[in-house]
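The file my_file.pdb comes next; it holds PDB, C-alpha atoms.
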```
MODEL        1
ATOM      1  CA  MET A 100       8.859  11.328  14.208
ATOM      2  CA  ARG A 101       6.297  11.826  11.467
ATOM      3  CA  ARG A 102       7.128   9.718   8.456
ATOM      4  CA  ARG A 103       7.036  10.675   4.871
ATOM      5  CA  SER A 104       4.704   8.570   2.793
ATOM      6  CA  LEU A 105       6.285   5.457   1.339
ATOM      7  CA  LEU A 106       3.998   5.378  -1.634
ATOM      8  CA  LEU A 107       4.518   7.233  -4.875
ATOM      9  CA  ALA A 108       1.476   5.759  -6.580
ATOM     10  CA  ALA A 109      -1.007   7.497  -8.789
ATOM     11  CA  VAL A 110      -4.135   8.828  -7.122
ATOM     12  CA  PRO A 111      -7.465   9.889  -8.576
ATOM     13  CA  ALA A 112      -7.111  13.317 -10.156
ATOM     14  CA  GLY A 113      -9.144  15.797  -8.186
ATOM     15  CA  LEU A 114      -9.701  13.313  -5.360
ATOM     16  CA  VAL A 115      -6.600  13.477  -3.190
ATOM     17  CA  THR A 116      -3.017  14.660  -3.414
ATOM     18  CA  LEU A 117      -0.445  11.994  -2.663
ATOM     19  CA  ALA A 118       2.071  14.246  -0.950
ATOM     20  CA  GLY A 119       1.586  14.066   2.801
ATOM     21  CA  CYS A 120      -1.028  11.362   2.558
ATOM     22  CA  GLY A 121      -0.151   9.983   6.003
ATOM     23  CA  ASP A 122      -3.238  10.444   8.163
ATOM     24  CA  GLY A 123      -1.616  10.578  11.575
ATOM     25  CA  LYS A 124      -2.880   7.102  12.457
ATOM     26  CA  SER A 125      -2.040   4.847   9.564
ATOM     27  CA  GLU A 126       1.201   2.883   9.313
ATOM     28  CA  SER A 127       2.771   5.536   7.122
ATOM     29  CA  SER A 128       2.827   8.077   9.957
ATOM     30  CA  LYS A 129       3.811   6.175  13.084
ATOM     31  CA  THR A 130       6.727   6.981  15.332
ATOM     32  CA  GLY A 131       9.979   5.333  14.361
ATOM     33  CA  ALA A 132      12.141   4.997  11.299
ATOM     34  CA  SER A 133      10.518   3.287   8.373
ATOM     35  CA  PRO A 134      12.399   2.134   5.274
ATOM     36  CA  THR A 135      11.578   5.519   3.741
ATOM     37  CA  PRO A 136      14.637   7.464   2.558
ATOM     38  CA  ALA A 137      15.845  10.225   4.823
ATOM     39  CA  PRO A 138      15.009  13.706   3.489
ATOM     40  CA  SER A 139      18.652  14.305   2.576
ATOM     41  CA  VAL A 140      18.979  11.077   0.627
ATOM     42  CA  SER A 141      18.001  11.397  -3.023
ATOM     43  CA  ALA A 142      17.083   8.532  -5.309
ATOM     44  CA  SER A 143      20.265   6.638  -6.066
ATOM     45  CA  SER A 144      21.568   6.532  -9.633
ATOM     46  CA  ALA A 145      24.549   4.391  -8.616
ATOM     47  CA  PRO A 146      24.973   0.841  -9.935
ATOM     48  CA  PRO A 147      23.116  -1.874  -7.969
ATOM     49  CA  PRO A 148      24.858  -3.102  -4.818
ATOM     50  CA  LYS A 149      26.737  -6.360  -4.615
ATOM     51  CA  ILE A 150      24.557  -8.818  -2.695
ATOM     52  CA  VAL A 151      26.287 -11.225  -0.328
ATOM     53  CA  GLN A 152      25.001 -13.909   2.039
ATOM     54  CA  GLY A 153      26.536 -12.558   5.219
ATOM     55  CA  PRO A 154      27.556 -11.962   7.836
ATOM     56  CA  LEU A 155      24.140 -11.681   9.443
ATOM     57  CA  PRO A 156      22.996 -11.901  13.072
ATOM     58  CA  ALA A 157      20.874 -14.783  14.322
ATOM     59  CA  ILE A 158      17.140 -14.633  14.925
ATOM     60  CA  THR A 159      16.924 -15.975  18.480
ATOM     61  CA  ALA A 160      13.157 -15.907  19.083
ATOM     62  CA  GLY A 161       9.978 -15.353  17.114
ATOM     63  CA  THR A 162      11.317 -17.526  14.321
ATOM     64  CA  ARG A 163       8.013 -18.258  12.575
ATOM     65  CA  LEU A 164       6.599 -16.184   9.753
ATOM     66  CA  GLY A 165       4.405 -13.450  11.190
ATOM     67  CA  GLU A 166       5.893 -13.622  14.682
ATOM     68  CA  LYS A 167       7.752 -10.607  16.049
ATOM     69  CA  PRO A 168      11.420 -11.657  15.903
ATOM     70  CA  THR A 169      14.190 -11.101  18.393
ATOM     71  CA  VAL A 170      17.550 -10.608  16.671
ATOM     72  CA  ALA A 171      21.032 -10.862  18.161
ATOM     73  CA  LYS A 172      23.684  -8.178  17.870
ATOM     74  CA  GLY A 173      25.698  -8.232  14.687
ATOM     75  CA  PRO A 174      28.628 -10.693  14.740
ATOM     76  CA  GLY A 175      31.810  -8.620  14.403
ATOM     77  CA  GLU A 176      32.180  -6.151  11.564
ATOM     78  CA  PRO A 177      29.365  -5.933   9.023
ATOM     79  CA  SER A 178      29.897  -6.277   5.300
ATOM     80  CA  LYS A 179      30.159  -3.148   3.195
ATOM     81  CA  ASP A 180      27.929  -4.945   0.700
ATOM     82  CA  LEU A 181      24.216  -5.676   1.031
ATOM     83  CA  ALA A 182      23.778  -8.941   2.942
ATOM     84  CA  VAL A 183      20.576 -10.841   2.158
ATOM     85  CA  LYS A 184      19.309 -14.214   3.362
ATOM     86  CA  THR A 185      15.950 -15.889   2.808
ATOM     87  CA  VAL A 186      15.222 -17.405   6.215
ATOM     88  CA  ILE A 187      11.832 -18.823   5.229
ATOM     89  CA  ALA A 188      11.136 -19.419   1.540
ATOM     90  CA  GLY A 189       7.602 -18.559   0.465
ATOM     91  CA  GLY A 190       5.707 -20.071  -2.411
ATOM     92  CA  GLY A 191       3.731 -17.066  -3.610
ATOM     93  CA  ARG A 192       4.210 -14.459  -6.326
ATOM     94  CA  THR A 193       7.686 -13.270  -7.238
ATOM     95  CA  VAL A 194       8.264  -9.639  -6.266
ATOM     96  CA  ALA A 195       9.502  -7.354  -9.038
ATOM     97  CA  GLU A 196      10.752  -3.765  -9.119
ATOM     98  CA  ASN A 197       7.928  -1.216  -8.940
ATOM     99  CA  ASP A 198       5.596  -3.730  -7.277
ATOM    100  CA  PHE A 199       3.873  -2.759  -4.063
ATOM    101  CA  VAL A 200       4.799  -5.059  -1.195
ATOM    102  CA  GLN A 201       2.826  -5.634   1.978
ATOM    103  CA  ALA A 202       5.133  -6.673   4.797
ATOM    104  CA  ASN A 203       5.759  -6.769   8.511
ATOM    105  CA  TYR A 204       9.251  -5.796   9.576
ATOM    106  CA  LEU A 205      11.619  -5.136  12.466
ATOM    107  CA  GLY A 206      14.642  -2.889  12.160
ATOM    108  CA  GLN A 207      17.598  -2.594  14.510
ATOM    109  CA  ILE A 208      21.163  -1.305  14.590
ATOM    110  CA  TRP A 209      23.902  -3.845  13.845
ATOM    111  CA  SER A 210      26.365  -2.845  16.564
ATOM    112  CA  THR A 211      23.913  -2.505  19.467
ATOM    113  CA  ALA A 212      20.859  -4.599  18.524
ATOM    114  CA  LYS A 213      18.782  -1.550  19.447
ATOM    115  CA  VAL A 214      15.384  -1.830  17.767
ATOM    116  CA  PHE A 215      14.447   1.483  16.164
ATOM    117  CA  ASP A 216      11.160   0.414  14.592
ATOM    118  CA  ASN A 217       8.822  -2.516  13.985
ATOM    119  CA  SER A 218       5.352  -3.021  12.556
ATOM    120  CA  TYR A 219       4.460  -6.127  14.560
ATOM    121  CA  ASP A 220       3.521  -4.158  17.669
ATOM    122  CA  ARG A 221       1.198  -1.944  15.634
ATOM    123  CA  HIS A 222      -0.603  -4.933  14.078
ATOM    124  CA  ARG A 223      -0.662  -3.086  10.762
ATOM    125  CA  PRO A 224       1.690  -4.305   8.042
ATOM    126  CA  LEU A 225       3.432  -1.717   5.934
ATOM    127  CA  VAL A 226       2.681  -1.278   2.228
ATOM    128  CA  MET A 227       5.420   0.254   0.094
ATOM    129  CA  GLN A 228       6.491   0.416  -3.512
ATOM    130  CA  LEU A 229       9.824  -1.055  -4.576
ATOM    131  CA  SER A 230      10.791   1.898  -6.721
ATOM    132  CA  GLN A 231      13.723   4.273  -6.788
ATOM    133  CA  GLY A 232      13.245   7.063  -4.269
ATOM    134  CA  SER A 233      10.274   5.405  -2.548
ATOM    135  CA  LEU A 234      12.278   3.618   0.142
ATOM    136  CA  ILE A 235      15.879   2.896   1.043
ATOM    137  CA  ASP A 236      17.748   1.078  -1.695
ATOM    138  CA  GLY A 237      18.658  -1.770   0.651
ATOM    139  CA  TRP A 238      15.033  -2.846   0.743
ATOM    140  CA  ARG A 239      14.499  -2.130  -2.928
ATOM    141  CA  TYR A 240      17.283  -4.475  -4.054
ATOM    142  CA  ALA A 241      16.944  -7.099  -1.313
ATOM    143  CA  LEU A 242      13.277  -7.885  -1.953
ATOM    144  CA  GLN A 243      13.345  -8.078  -5.743
ATOM    145  CA  GLY A 244      12.993 -11.705  -6.802
ATOM    146  CA  LYS A 245      11.709 -12.872  -3.412
ATOM    147  CA  LYS A 246       8.381 -14.672  -3.190
ATOM    148  CA  THR A 247       5.442 -13.667  -1.064
ATOM    149  CA  GLY A 248       5.239 -15.758   2.075
ATOM    150  CA  SER A 249       8.999 -15.386   2.655
ATOM    151  CA  ARG A 250      10.923 -14.105   5.651
ATOM    152  CA  VAL A 251      14.024 -12.200   4.583
ATOM    153  CA  LEU A 252      16.906 -11.108   6.819
ATOM    154  CA  ILE A 253      19.084  -8.275   5.540
ATOM    155  CA  ALA A 254      21.972  -6.079   6.695
ATOM    156  CA  VAL A 255      22.034  -2.668   5.042
ATOM    157  CA  PRO A 256      25.251  -0.593   5.088
ATOM    158  CA  PRO A 257      24.875   3.207   5.204
ATOM    159  CA  ALA A 258      25.371   3.598   1.453
ATOM    160  CA  TRP A 259      22.181   1.612   0.845
ATOM    161  CA  GLY A 260      20.329   2.917   3.876
ATOM    162  CA  TYR A 261      20.109   6.448   5.237
ATOM    163  CA  GLY A 262      23.514   7.529   3.953
ATOM    164  CA  THR A 263      26.069   9.544   5.891
ATOM    165  CA  ALA A 264      23.294  11.743   7.335
ATOM    166  CA  GLY A 265      21.729   8.831   9.213
ATOM    167  CA  ASN A 266      18.431   9.427  10.956
ATOM    168  CA  ALA A 267      19.024  11.317  14.183
ATOM    169  CA  GLN A 268      15.440  11.145  15.390
ATOM    170  CA  ALA A 269      15.567   7.355  15.266
ATOM    171  CA  GLY A 270      19.042   7.196  16.790
ATOM    172  CA  ILE A 271      20.669   6.048  13.552
ATOM    173  CA  LYS A 272      24.150   7.420  12.862
ATOM    174  CA  GLY A 273      25.617   7.875   9.415
ATOM    175  CA  THR A 274      28.003   4.982  10.084
ATOM    176  CA  ASP A 275      25.375   2.491  11.267
ATOM    177  CA  THR A 276      24.631  -0.708   9.404
ATOM    178  CA  LEU A 277      20.959  -1.609   9.803
ATOM    179  CA  VAL A 278      19.461  -5.059  10.239
ATOM    180  CA  PHE A 279      15.920  -5.823   9.080
ATOM    181  CA  VAL A 280      13.727  -8.891   9.348
ATOM    182  CA  ILE A 281      11.016  -8.629   6.686
ATOM    183  CA  ASP A 282       7.973 -10.892   6.406
ATOM    184  CA  VAL A 283       6.669 -10.495   2.843
ATOM    185  CA  ILE A 284       2.907 -10.965   3.055
ATOM    186  CA  ASP A 285       1.711 -10.016  -0.407
ATOM    187  CA  SER A 286       2.591  -8.057  -3.533
ATOM    188  CA  PHE A 287       0.578  -6.002  -6.011
ATOM    189  CA  ASN A 288       1.076  -4.392  -9.393
ATOM    190  CA  SER A 289      -0.938  -2.621 -12.064
ATOM    191  CA  LYS A 290      -2.465  -5.931 -13.179
ATOM    192  CA  SER A 291      -3.766  -6.850  -9.730
ATOM    193  CA  SER A 292      -7.483  -7.310  -9.152
ATOM    194  CA  ALA A 293      -9.763  -8.258  -6.307
ATOM    195  CA  HIS A 294     -10.368 -12.006  -6.149
ATOM    196  CA  GLY A 295     -13.405 -12.249  -3.921
ATOM    197  CA  LYS A 296     -16.535 -14.340  -4.334
ATOM    198  CA  PRO A 297     -19.072 -12.920  -6.828
ATOM    199  CA  VAL A 298     -22.156 -11.487  -5.190
ATOM    200  CA  PRO A 299     -25.522 -11.380  -7.027
ATOM    201  CA  GLN A 300     -26.257  -7.930  -8.436
ATOM    202  CA  ASP A 301     -30.031  -7.948  -8.544
ATOM    203  CA  ASP A 302     -30.888  -4.403  -7.460
ATOM    204  CA  ALA A 303     -32.355  -2.689 -10.527
ATOM    205  CA  ALA A 304     -31.775   0.696  -8.875
ATOM    206  CA  LEU A 305     -27.975   0.268  -9.007
ATOM    207  CA  PRO A 306     -25.452  -0.054 -11.838
ATOM    208  CA  THR A 307     -23.997  -3.476 -12.603
ATOM    209  CA  VAL A 308     -20.228  -3.979 -12.421
ATOM    210  CA  GLY A 309     -18.176  -6.594 -14.253
ATOM    211  CA  THR A 310     -16.592  -9.417 -12.262
ATOM    212  CA  ASN A 311     -13.466  -9.957 -14.390
ATOM    213  CA  THR A 312     -10.254 -10.433 -12.399
ATOM    214  CA  ASP A 313      -7.719 -10.061 -15.194
ATOM    215  CA  GLY A 314      -6.487  -6.622 -14.170
ATOM    216  CA  LYS A 315      -8.550  -4.916 -16.850
ATOM    217  CA  ALA A 316     -11.198  -2.300 -16.111
ATOM    218  CA  PRO A 317     -14.589  -3.805 -15.282
ATOM    219  CA  LYS A 318     -17.556  -2.601 -17.298
ATOM    220  CA  ILE A 319     -20.102  -0.519 -15.424
ATOM    221  CA  LYS A 320     -23.570  -0.902 -16.900
ATOM    222  CA  PRO A 321     -26.051   1.878 -16.078
ATOM    223  CA  ALA A 322     -28.898   0.985 -13.746
ATOM    224  CA  LYS A 323     -32.146  -0.175 -15.295
ATOM    225  CA  GLN A 324     -33.846   2.399 -13.122
ATOM    226  CA  GLY A 325     -32.736   5.746 -14.524
ATOM    227  CA  THR A 326     -33.051   7.920 -11.416
ATOM    228  CA  PRO A 327     -29.946   7.908  -9.185
ATOM    229  CA  PRO A 328     -30.380   7.253  -5.466
ATOM    230  CA  LYS A 329     -30.475  10.304  -3.224
ATOM    231  CA  LYS A 330     -28.509   8.544  -0.485
ATOM    232  CA  LEU A 331     -25.119   6.819  -0.543
ATOM    233  CA  ALA A 332     -25.389   3.280  -1.920
ATOM    234  CA  THR A 333     -22.744   0.555  -1.641
ATOM    235  CA  ALA A 334     -22.642  -3.108  -2.546
ATOM    236  CA  TYR A 335     -20.143  -5.923  -2.889
ATOM    237  CA  VAL A 336     -19.447  -7.034  -6.437
ATOM    238  CA  LEU A 337     -16.730  -9.472  -5.345
ATOM    239  CA  GLU A 338     -16.622 -10.121  -1.595
ATOM    240  CA  GLY A 339     -13.147 -10.770  -0.235
ATOM    241  CA  ASP A 340     -12.180 -12.525   2.979
ATOM    242  CA  GLY A 341      -9.725  -9.974   4.356
ATOM    243  CA  PRO A 342     -10.158  -7.726   7.388
ATOM    244  CA  GLU A 343     -12.654  -4.874   7.285
ATOM    245  CA  VAL A 344     -11.201  -1.486   6.355
ATOM    246  CA  LYS A 345     -11.233   0.945   9.271
ATOM    247  CA  ALA A 346     -11.991   4.630   8.987
ATOM    248  CA  ASP A 347      -8.474   5.595  10.118
ATOM    249  CA  GLN A 348      -6.715   3.469   7.497
ATOM    250  CA  ALA A 349      -5.472   4.067   3.980
ATOM    251  CA  VAL A 350      -6.194   1.734   1.067
ATOM    252  CA  LEU A 351      -4.224   0.539  -1.940
ATOM    253  CA  CYS A 352      -6.601  -0.049  -4.806
ATOM    254  CA  GLN A 353      -7.598  -0.253  -8.429
ATOM    255  CA  PHE A 354     -10.577   1.958  -9.254
ATOM    256  CA  LYS A 355     -12.808   3.240 -12.005
ATOM    257  CA  GLY A 356     -15.007   6.296 -11.658
ATOM    258  CA  VAL A 357     -17.890   7.203 -13.961
ATOM    259  CA  VAL A 358     -20.786   9.619 -13.899
ATOM    260  CA  TRP A 359     -24.222   8.097 -13.297
ATOM    261  CA  GLY A 360     -25.690   6.749 -16.543
ATOM    262  CA  SER A 361     -22.342   6.350 -18.293
ATOM    263  CA  ASP A 362     -19.579   3.752 -18.561
ATOM    264  CA  LYS A 363     -17.018   6.304 -19.730
ATOM    265  CA  ALA A 364     -14.409   6.718 -17.005
ATOM    266  CA  PHE A 365     -13.543  10.216 -15.844
ATOM    267  CA  GLN A 366     -10.610   8.663 -13.980
ATOM    268  CA  GLN A 367      -9.252   5.143 -13.484
ATOM    269  CA  THR A 368      -6.101   3.269 -12.586
ATOM    270  CA  TYR A 369      -6.724   0.486 -15.090
ATOM    271  CA  ASP A 370      -4.504   0.666 -18.183
ATOM    272  CA  SER A 371      -2.452   3.429 -16.525
ATOM    273  CA  GLY A 372       0.295   1.106 -15.258
ATOM    274  CA  ARG A 373      -0.198   2.409 -11.724
ATOM    275  CA  LEU A 374      -2.238   1.874  -8.576
ATOM    276  CA  SER A 375      -3.907   4.346  -6.233
ATOM    277  CA  GLN A 376      -3.398   4.846  -2.506
ATOM    278  CA  PHE A 377      -5.314   7.232  -0.290
ATOM    279  CA  SER A 378      -6.268   7.813   3.316
ATOM    280  CA  LEU A 379      -9.974   7.433   4.087
ATOM    281  CA  GLU A 380      -9.750  10.325   6.529
ATOM    282  CA  GLN A 381      -8.379  12.624   3.842
ATOM    283  CA  MET A 382     -10.924  11.336   1.362
ATOM    284  CA  GLN A 383     -13.613  12.560   3.746
ATOM    285  CA  GLN A 384     -12.513  16.075   2.827
ATOM    286  CA  VAL A 385     -12.720  15.462  -0.928
ATOM    287  CA  VAL A 386     -15.302  12.810  -1.844
ATOM    288  CA  LYS A 387     -16.925  11.990   1.467
ATOM    289  CA  GLY A 388     -19.159   9.311   0.001
ATOM    290  CA  LEU A 389     -16.237   7.295  -1.344
ATOM    291  CA  SER A 390     -14.605   7.263   2.075
ATOM    292  CA  GLN A 391     -17.830   6.252   3.779
ATOM    293  CA  GLY A 392     -18.566   3.624   1.151
ATOM    294  CA  LEU A 393     -15.244   1.829   1.620
ATOM    295  CA  THR A 394     -15.235   1.947   5.416
ATOM    296  CA  GLY A 395     -16.149  -1.458   6.805
ATOM    297  CA  LYS A 396     -15.648  -3.279   3.509
ATOM    298  CA  LYS A 397     -13.361  -6.323   3.395
ATOM    299  CA  VAL A 398      -9.887  -6.266   1.884
ATOM    300  CA  GLY A 399      -9.809  -8.308  -1.304
ATOM    301  CA  SER A 400     -13.235  -7.075  -2.405
ATOM    302  CA  ARG A 401     -14.583  -5.210  -5.402
ATOM    303  CA  VAL A 402     -17.047  -2.632  -4.168
ATOM    304  CA  LEU A 403     -19.646  -0.545  -5.980
ATOM    305  CA  VAL A 404     -20.054   2.912  -4.458
ATOM    306  CA  VAL A 405     -22.740   5.309  -5.709
ATOM    307  CA  VAL A 406     -22.102   8.813  -4.402
ATOM    308  CA  PRO A 407     -24.868  11.447  -4.442
ATOM    309  CA  PRO A 408     -23.825  15.063  -5.172
ATOM    310  CA  LYS A 409     -23.907  16.183  -1.529
ATOM    311  CA  LEU A 410     -21.312  13.493  -0.679
ATOM    312  CA  GLY A 411     -19.333  13.976  -3.894
ATOM    313  CA  TYR A 412     -18.191  17.091  -5.722
ATOM    314  CA  GLY A 413     -21.510  18.868  -5.430
ATOM    315  CA  ASP A 414     -21.393  22.130  -7.354
ATOM    316  CA  THR A 415     -17.594  22.293  -7.476
ATOM    317  CA  PRO A 416     -16.300  19.433  -9.652
ATOM    318  CA  PRO A 417     -12.611  19.440 -10.642
ATOM    319  CA  SER A 418     -11.960  21.629 -13.652
ATOM    320  CA  GLY A 419     -11.304  19.654 -16.825
ATOM    321  CA  SER A 420     -12.751  16.448 -15.369
ATOM    322  CA  GLY A 421     -15.854  16.439 -17.535
ATOM    323  CA  ILE A 422     -17.986  16.098 -14.414
ATOM    324  CA  LYS A 423     -20.951  18.468 -14.331
ATOM    325  CA  LYS A 424     -22.300  20.241 -11.266
ATOM    326  CA  GLY A 425     -24.642  18.097  -9.221
ATOM    327  CA  ALA A 426     -23.465  14.846 -10.775
ATOM    328  CA  THR A 427     -23.926  11.495  -9.077
ATOM    329  CA  LEU A 428     -20.677   9.532  -9.161
ATOM    330  CA  VAL A 429     -20.267   5.781  -9.525
ATOM    331  CA  PHE A 430     -17.084   4.014  -8.433
ATOM    332  CA  SER A 431     -15.880   0.454  -8.775
ATOM    333  CA  VAL A 432     -13.037  -0.082  -6.297
ATOM    334  CA  ASP A 433     -10.830  -3.158  -5.869
ATOM    335  CA  ILE A 434      -9.471  -3.004  -2.308
ATOM    336  CA  LEU A 435      -6.059  -4.663  -2.619
ATOM    337  CA  ALA A 436      -4.660  -3.766   0.802
ATOM    338  CA  ALA A 437      -5.321  -1.588   3.829
ATOM    339  CA  MET A 438      -2.740  -0.026   6.120
TER     340      MET A 438
ENDMDL
END
```
Do you think you could lay out the structure here as structure tokens?
Amino acid sequence: MRRRSLLLAAVPAGLVTLAGCGDGKSESSKTGASPTPAPSVSASSAPPPKIVQGPLPAITAGTRLGEKPTVAKGPGEPSKDLAVKTVIAGGGRTVAENDFVQANYLGQIWSTAKVFDNSYDRHRPLVMQLSQGSLIDGWRYALQGKKTGSRVLIAVPPAWGYGTAGNAQAGIKGTDTLVFVIDVIDSFNSKSSAHGKPVPQDDAALPTVGTNTDGKAPKIKPAKQGTPPKKLATAYVLEGDGPEVKADQAVLCQFKGVVWGSDKAFQQTYDSGRLSQFSLEQMQQVVKGLSQGLTGKKVGSRVLVVVPPKLGYGDTPPSGSGIKKGATLVFSVDILAAM
């Protein structure tokens, strides 16, 4: 089935609409049942669930972090409460509500051990926000307080999963308790920044971007050479060591966008309390140069992208944006994750 997007993050105004941002190839649109709420399940306003330690089935194979696990059938009757166990304790950042979490996972039905979805086979971890209405409440409550680098085993009763409606397309009934193994890879919030290695910025024809990694907006100094380039220009400001972003992926990022010759942002995530997520394929239809400029860049990097008018808004800039017709756009983008 086609999934609803997990992410309810802010996106650049005039650049892309979040609704339906799955691109048909990224993790947010694969076949299966993700931790996204079923369409009939609204954001819960009920008190938090009681969290218990069991019962929980055993992981019988693939017991190391990052390995695809094999999980036994549930032992007897499941708890009506949310069962949570940290199988492997990580030593990274503590996950908080409203953080974005990057994770691999496997989900199966308690009573049958039938696997209904997993990200390991796709080799693309999922990125989701731990916020009300973004994903099933079982995940939302189970992962809060866990550290990155952890493997967490949980059993989610219907009340904290897909509700009495279940998820027919995934073979999940309204009475099914669900079992998930979750490998928490990383977490991000509105104060996250790229942490790559600074790269010399010695091209006088390009703007200079700040290298601060404190979660605050980097300064963008206009180029010494006043004439903007006629072709797309990209450069690393901070070069990360993650995998290269592919054209069929989506990115989670911090960004700042200015018009050539200015440091005044027409849009940015910094100081907004939110992050941005967009599909590069969809971005091709809006600001083609931004999509092209991020393709092939490494996760964990800060990238300068200078977009000429023909690859930007051209003669049709968003109304109220302050961007004039024929403007060259300059973006600083911190690539936090790709999926």
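Near (17.6, -10.9, -7.6), the residues inside the 12 Å limit, counting only C-alpha atoms, come to Pro147, Pro148, Lys149, Ile150, Val151, Val183, Lys184, Thr185, Thr193, Val194, Ala195, Glu196, Trp238, Arg239, Tyr240, Ala241, Leu242, Gln243, Gly244, Lys245 and Lys246 of chain A.
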Matched chain/residue IDs from the PyMOL selection byres ((chain A and resi 411-415) around 9), as a compact mmCIF listing (two decimals) with C-alpha atoms, in the coordinates of the input:
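Saved result, result_5.txt, follows:
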```txt
# COMPACT_ATOMS: atom_id res chain seq x y z
CA VAL A 385 -12.72 15.46 -0.93
CA VAL A 386 -15.30 12.81 -1.84
CA LYS A 387 -16.92 11.99 1.47
CA GLY A 388 -19.16 9.31 0.00
CA LEU A 389 -16.24 7.30 -1.34
CA VAL A 406 -22.10 8.81 -4.40
CA PRO A 407 -24.87 11.45 -4.44
CA PRO A 408 -23.82 15.06 -5.17
CA LYS A 409 -23.91 16.18 -1.53
CA LEU A 410 -21.31 13.49 -0.68
CA PRO A 416 -16.30 19.43 -9.65
CA PRO A 417 -12.61 19.44 -10.64
CA SER A 418 -11.96 21.63 -13.65
CA ILE A 422 -17.99 16.10 -14.41
CA LYS A 423 -20.95 18.47 -14.33
CA LYS A 424 -22.30 20.24 -11.27
CA GLY A 425 -24.64 18.10 -9.22
CA ALA A 426 -23.46 14.85 -10.78
CA THR A 427 -23.93 11.50 -9.08
CA LEU A 428 -20.68 9.53 -9.16
```
Apply the PyMOL selection byres ((chain A and resi 324) around 6) to the file shown and report the selected residues as a PyMOL selection string. chain A and resi 303-304+322-323+325-326
Starting from the displayed file, determine the output of the PyMOL selection byres ((chain A and resi 367-372) around 6) and express the residue list as a ChimeraX atom specification. /A:289,315-316,353-355,366,373-374
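Here atom CA of A:Lys397 is placed at a distance of 7.7 Å from atom CA of A:Ile434.
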Option closest in space to A:Ala145, from A:Ala267, A:Lys167, A:Lys320, A:Asp236 [counting all atoms listed in the file]: A:Asp236
Given 3 Å of margin on each side, can you work out the centre and size in Å (one decimal) of an axis-aligned box holding every listed atom of stretch 168-178 of chain A, as JSON?
```
{"center_x": 21.8, "center_y": -8.8, "center_z": 11.8, "size_x": 26.8, "size_y": 11.7, "size_z": 19.1}
```
Just checking: using all atoms listed in the file, which residue out of A:Ile284, A:Val398, A:Leu435, A:Ala182 ends up closest to A:Ala202?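 Looking at the shortest contact to A:Ala202, the residue is A:Ile284.
Taking atom CA of A:Glu338 and atom CA of A:Gly399 as the two end points, the separation is 7.1 Å.
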Suppose you want the space between atom CA of A:Thr247 and atom CA of A:Pro146; what is it in Å?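 Calculated distance between atom CA of A:Thr247 and atom CA of A:Pro146 is 25.9 Å.
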Nearest candidate to A:Gln268 (options A:Gly419, A:Phe215, A:Gly191, A:Glu176; using only C-alpha atoms):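 Smallest separation from A:Gln268 among the options: A:Phe215.
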